[in-house]
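Undergrad: Got a structure for you, questions after.
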There are 2 protein chains.
Amino acid sequence: MAIQLFELCGADPARRFSPYCWRSRLALAHKGLAVETIPWRFTEKDAIGAHGAQKVPVMLDNGRAIVDSWAIAEYLEDTYPDRPSLFGGAGGHALARFINAWGDAVLHAGIARLVVSDIVQHLAPEDAAYFVPDREKRFGMKLEAVTADRAERVKGFRDSLMPLRIALRSAPFLHGDAPGYADLIVFGGFQWARCVSAFPLLTQDDAVYAWRERMLDAYGGIARAAPAYAEA
Amino acid sequence: MAIQLFELCGADPARRFSPYCWRSRLALAHKGLAVETIPWRFTEKDAIGAHGAQKVPVMLDNGRAIVDSWAIAEYLEDTYPDRPSLFGGAGGHALARFINAWGDAVLHAGIARLVVSDIVQHLAPEDAAYFVPDREKRFGMKLEAVTADRAERVKGFRDSLMPLRIALRSAPFLHGDAPGYADLIVFGGFQWARCVSAFPLLTQDDAVYAWRERMLDAYGGIARAAPAYAEA
């Protein structure tokens with residue numbers, strides 16, 4: 001039986017917009033493993049609760065449920081060691097944690113404040129009824145207010161990507177000549193935005209933009225083929 | 001002949017305050033290699049110019065000069081592969097570049113704006129005559145003005161360390177159970193500040209503070225033994 005992956009989706013089950021689910025999907029592609037994805041919505045708690053999970057991604061492999069994108073990456077690396085490495089050894093495994101942390105604290109936090117209000121239009125009504133008050137409580141304001149001044153604030157976001165920009169001077173991917181899990185961590189955030197919003201996070205002359213293009217083409221172009229906005 | 005390392009010093013040749021020189025010194029300790037350090041001042045251009053360098057660190061090994069802390073780390077890893085690894089494999093080597101970039105763009109930039117005016121008191125007069133106008137040009141203001149509001153700004157600096165704080169939830173060092181080159185990259189910044197300034201960058205309840213304590217004790221406590229301020 002193929003590996004199965006529960007992925008967050010919108011009203012359209014083909015619109016998969018979770019940054020963490022994208023990490024796992026591309027990690028499976030990196031390992032060359034076939035996967036059957038199962039669209040999952042915010043309010044379908046029972047479907048994943050049966051596997052001990054409250055959030056996606058949830059991966060099922062050989063009767064085991066693996067919950068959380070980081071745990072999935074570690075599981076894949078340990079269980080399929082003969083396939084292309086996600087981490088590139090012990091050092092890469094350890095340092096991917098720092099990039100994971102940067103992804104959460106800087107990248108995702110920055111992207112959320114630029115696109116969160118655009119997510120709502122893609123949600124089924126019952127999911128929007130959960131999502132909107134939950135996120136408005138988190139931000140302490142209406143979602144439209146969070147993104148209202150994004151045209152001005154995007155400059156600060158782009159500045160916050162400087163470590164990425166500098167690192168990409170040395171190699172086409174964070175992992176070097178080919179992408180590794182750290183690239184998937186960072187790309188997941190951009191793909192999340194791309195799947196829900198037409199707002200341009202990057203300018204075309206940015207080295208991060210060129211890297212994102214390479215990531216969209218990687219693994220047979222899975223990410224580029226997904227329902228999303230072709231961002232300027 | 002032992003490896004030699006040119007290190008930036010103040011008026012007191014024992015005060016070594018370059019973050020990049022600290023990376024290299026600790027990288028040598030990580031490899032268990034003996035080193036003879038050579039104190040070097042900003043205005044002693046000829047001493048390193050003879051080795052094709054304009055900045056320190058410069059390392060001399062077996063008649064070769066290696067310039068730049070990153071190049072020194074790569075040289076040590078390649079030349080002494082049987083000694084403890086700095087990078088932990090290809091993935092760790094690649095991802096250390098991202099942490100290097102974060103170190104420059106976020107950590108060093110943040111620290112400089114909090115302590116740069118404190119450096120001057122430690123410089124020989126001829127070095128201060130170079131350093132002060134050079135840095136004032138870079139910042140576009142007097143060095144006292146750069147740090148004037150640091151008591152308020154330090155909160156933003158501490159916030160910027162969140163990726164570090166999150167990563168250190170998983171392990172005592174960025175590299176896991178023991179420090180690796182990524183730890184040295186980040187620690188170099190803190191040691192730079194500690195060698196020139198009594199200004200408290202961290203609070204004692206911060207996981208980053210506890211990590212810095214571990215780094216001060218690592219490698220036989222080399223960093224703790226250096227002339228510096230015992231920061232609150």
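If you're wondering about the labels, chains in the structure tokens are A, B, ... by order shown, residues count from 1 in each chain, ligands from 1 in order shown.
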Please give the complete set of residues from stretch 8-193 of chain A that DSSP, run on the backbone, assigns to strand (DSSP E), formatted as a list in words.

TA: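 The strand (DSSP E) subset of stretch 8-193 of chain A is Leu8, Val35, Glu36, Thr37, Ile38, Pro39, Trp40, Val58, Met59, Leu60, Asp61, Arg64, Ala65, Ile66 and Val67 of chain A.
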
Undergrad: Pull the alpha helix (DSSP H) assignments for stretch 46-216 of chain A out of DSSP run on the backbone, and list those residues as an MDAnalysis selection string.

TA: chainID A and resid 46:49 69:79 90:102 109:119 125:139 143:147 150:160 162:167 181:196 207:216

Undergrad: Once you count only C-alpha atoms, what closest atom pair and distance in Å to one decimal does each residue of chain B within 7 Å of chain A have, with rows by chain and rising residue number, as JSON lines?

TA:
```
{"residue": "B:Phe87", "atom": "CA", "partner": "A:Gly91", "partner_atom": "CA", "distance": 5.8}
{"residue": "B:Gly88", "atom": "CA", "partner": "A:Gly91", "partner_atom": "CA", "distance": 4.1}
{"residue": "B:Gly89", "atom": "CA", "partner": "A:Gly89", "partner_atom": "CA", "distance": 5.4}
{"residue": "B:Ala90", "atom": "CA", "partner": "A:Gly88", "partner_atom": "CA", "distance": 5.6}
{"residue": "B:Gly91", "atom": "CA", "partner": "A:Gly92", "partner_atom": "CA", "distance": 4.0}
{"residue": "B:Gly92", "atom": "CA", "partner": "A:Gly92", "partner_atom": "CA", "distance": 3.8}
{"residue": "B:Ala94", "atom": "CA", "partner": "A:His175", "partner_atom": "CA", "distance": 5.2}
{"residue": "B:Leu95", "atom": "CA", "partner": "A:His175", "partner_atom": "CA", "distance": 6.3}
{"residue": "B:Arg97", "atom": "CA", "partner": "A:Ala167", "partner_atom": "CA", "distance": 5.7}
{"residue": "B:Phe98", "atom": "CA", "partner": "A:Ala167", "partner_atom": "CA", "distance": 5.0}
{"residue": "B:Ala101", "atom": "CA", "partner": "A:Pro163", "partner_atom": "CA", "distance": 4.6}
{"residue": "B:Trp102", "atom": "CA", "partner": "A:Pro163", "partner_atom": "CA", "distance": 4.7}
{"residue": "B:Ala105", "atom": "CA", "partner": "A:Pro163", "partner_atom": "CA", "distance": 6.1}
{"residue": "B:Met162", "atom": "CA", "partner": "A:Ala105", "partner_atom": "CA", "distance": 6.4}
{"residue": "B:Pro163", "atom": "CA", "partner": "A:Ala101", "partner_atom": "CA", "distance": 4.7}
{"residue": "B:Leu164", "atom": "CA", "partner": "A:Phe98", "partner_atom": "CA", "distance": 6.6}
{"residue": "B:Ile166", "atom": "CA", "partner": "A:Ala101", "partner_atom": "CA", "distance": 5.6}
{"residue": "B:Ala167", "atom": "CA", "partner": "A:Phe98", "partner_atom": "CA", "distance": 5.0}
{"residue": "B:Leu174", "atom": "CA", "partner": "A:Leu95", "partner_atom": "CA", "distance": 6.3}
{"residue": "B:His175", "atom": "CA", "partner": "A:Ala94", "partner_atom": "CA", "distance": 5.1}
{"residue": "B:Gly176", "atom": "CA", "partner": "A:Ala94", "partner_atom": "CA", "distance": 5.9}
```

Undergrad: Using only C-alpha atoms, can you tell me which of A:His108, A:Arg150, A:Arg113, A:His122 comes closest to A:Val196?

TA: A:His122

Undergrad: What gap, in Å, lies between atom CA of A:Asp61 and atom CA of A:His30?

TA: 16.3 Å

Undergrad: Extract, using only C-alpha atoms, all DNA, RNA and protein residues at most 7 Å from A:Leu123, discarding same-chain residues fewer than 4 positions from it, and format them as a list in words.

TA: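 The residues that qualify are Gly10, Ala11, Ile119, Asp127 and Ala128 of chain A.
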
Undergrad: Hey, can you check how far atom CA of B:Arg158 sits from atom CA of B:Ala112?

TA: 13.5 Å

Undergrad: Just to confirm, what's the straight-line distance from atom CA of B:Pro19 to atom CA of B:Ala198 in Å (one decimal)?

TA: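 That distance, rounded to one decimal, is 16.3 Å.
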
Undergrad: With a distance cut-off of 10 Å and only C-alpha atoms, select the neighbouring residues of A:Glu44, excluding the residue or stretch itself and same-chain residues fewer than 5 positions from it, and output the selection as a list in words.

TA: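 Everything that qualifies: Leu8, Gly49, Gln54, Lys55 and Asp127 of chain A.
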
Undergrad: Skip A:Ala148 itself and residues of its chain fewer than 4 positions away, then list as number ranges by chain all residues within 9 Å of it, counting only C-alpha atoms.

TA: A: 114, 143-144

Undergrad: Excluding A:Ile3 and residues on its chain fewer than 3 positions from it, collect all residues at most 7 Å away from it, counting only C-alpha atoms, and give them as an MDAnalysis selection string.

TA: chainID A and resid 34:36 60:61

Undergrad: I need the residues from that last selection saved to file as a PDB file, in the first residue's frame (with N, CA and C atoms), if you can.

TA:
```
ATOM      1  N   ALA A  34       6.320   7.085  -3.793  1.00  0.00           N
ATOM      2  CA  ALA A  34       4.967   7.379  -4.258  1.00  0.00           C
ATOM      3  C   ALA A  34       4.088   7.709  -3.058  1.00  0.00           C
ATOM      4  N   VAL A  35       3.112   8.568  -3.284  1.00  0.00           N
ATOM      5  CA  VAL A  35       2.238   8.973  -2.184  1.00  0.00           C
ATOM      6  C   VAL A  35       0.817   9.158  -2.702  1.00  0.00           C
ATOM      7  N   GLU A  36      -0.119   8.761  -1.885  1.00  0.00           N
ATOM      8  CA  GLU A  36      -1.530   9.068  -2.146  1.00  0.00           C
ATOM      9  C   GLU A  36      -1.915  10.167  -1.164  1.00  0.00           C
ATOM     10  N   LEU A  60       0.818   8.209   6.748  1.00  0.00           N
ATOM     11  CA  LEU A  60       0.602   6.806   7.106  1.00  0.00           C
ATOM     12  C   LEU A  60       1.517   5.945   6.244  1.00  0.00           C
ATOM     13  N   ASP A  61       2.314   5.111   6.915  1.00  0.00           N
ATOM     14  CA  ASP A  61       3.240   4.232   6.198  1.00  0.00           C
ATOM     15  C   ASP A  61       3.325   2.901   6.927  1.00  0.00           C
TER      16      ASP A  61
END
```

Undergrad: Which is closest to B:Ile222 among B:Ala124, B:Leu26, B:Val56, B:Val186, if we use only C-alpha atoms?

TA: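 Counting only C-alpha atoms, the residue closest to B:Ile222 is B:Leu26.
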
Undergrad: For B:Glu7, list every protein, DNA or RNA residue within 7 Å, evaluated using only C-alpha atoms, and leave out those in the same chain fewer than 3 positions away; present the list as a list in words.

TA: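 With the cut-off at 7 Å, the set is Arg16, Cys21, Thr37, Ile38, Pro39, Trp40, Val56 and Pro57 of chain B.
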